[in-house]
Amino acid sequence: MLAQGSRFTFCARDRRAQSVSKRICAGTRNRMGTQGLSESRAVRISDSRDMATDIRTDTAFAVQLAGSLDNEGLPPDRAWETAPPVSFCADWQGKNADRQRETQVRLLWNADSLFLRFDARYRDINVFADAEPSGRRDGLWDRDVCEVFLQPRGSHPDCYKEIEVAPNGLWVDLEIAPGEKRDLRSGLRQRVNIDEPQKQWQAVLAVPMKSLIARFEMPAVWRVNFFRVEGAEEPRFYSAWRPTNTPAPNFHVPEAFGALVFTEAGGKIGG
């Protein structure tokens, strides 16, 4: 999380994404033709050679979870095979791509939770050692983190949720409004894993849906952006899925958000 700027102009909801969502929800139940992945805990980004990296897109998909959760209340490894990834490795201006710091994000959902998985390649890891007993750590963005900003349907144009997780499992969740931020108190669950030989860390999050929106209904299209910070001191590496294009690093630009389309299990993406 970086310093907030002035009041932002709302980016109109992506009409194309809404159309896609409606087609998905009314479409057939054919199994999605997404790329299968390794069922190991940390999927090797570098081995996914046919999976494009740093693709500039404006739409991410959250796929309905089919099946049960594991004993930690998180999707089992095989469930993520149905979730198409978004990938990025360029900075907040869409420049200076660094594939050794590539990030992939996948999303699943059910009636109770939104699930996210970050697979992050790294050069070095820099984390805080101290936190609240729950693992919450204010100012987490001053060390390495993966971040998601979520703007559910019906939100005020300048209001959104910010959730961050560090390689050692520390986290912070915030509710952002013009000129202020408040604790979201989402009750999220998380699991992290560091694969030192492969220089990659993975974080899986389960965020209760009730902390994000009063009533979740399909079809649903939200606004979203994904970010990454790495480095102990400036110049740090600030990367973004949807570039914010500010002169100095700033992730708090909701008009740069992309669309997050929720799809039903087995529905077609793209129609």
# chains A, B, ... in the order shown; residues from 1 in each chain; ligands from 1
call {"tool": "residues_around", "arguments": {"residues": "Thr59 (chain A)", "least_positions_apart": "2", "cutoff": "6 Å", "atoms": "only C-alpha atoms", "output": "list in words"}}
result
Thr57, Gly258, Ala259 and Leu260 of chain A
call {"tool": "closest_atom_pairs", "arguments": {"of": "region 61-143 of chain A", "to": "region 177-189 of chain A", "cutoff": "10 Å", "atoms": "only C-alpha atoms", "output": "CSV"}}
result
residue,atom,partner,partner_atom,distance
A:Glu72,CA,A:Arg189,CA,8.4
A:Gly73,CA,A:Arg189,CA,7.8
A:Leu74,CA,A:Arg189,CA,8.0
A:Ser113,CA,A:Leu188,CA,9.0
A:Leu114,CA,A:Leu188,CA,9.6
A:Phe115,CA,A:Arg189,CA,9.5
A:Ser134,CA,A:Gly187,CA,9.8
A:Arg136,CA,A:Arg185,CA,9.9
A:Asp138,CA,A:Asp183,CA,9.5
call {"tool": "residues_around", "arguments": {"residues": "Pro76 (chain A)", "least_positions_apart": "5", "cutoff": "12 Å", "atoms": "only C-alpha atoms", "output": "PyMOL selection string"}}
result
chain A and resi 39-41+65-71+81-82+108+115+117+191+204
call {"tool": "atom_distance", "arguments": {"atom1": "CA of Val229 (chain A)", "atom2": "CA of Lys210 (chain A)"}}
result
27.6 Å
call {"tool": "closest_residue", "arguments": {"among": "A:Arg215, A:Trp201, A:Asp91, A:Val127", "to": "Pro235 (chain A)", "atoms": "only C-alpha atoms"}}
result
A:Asp91
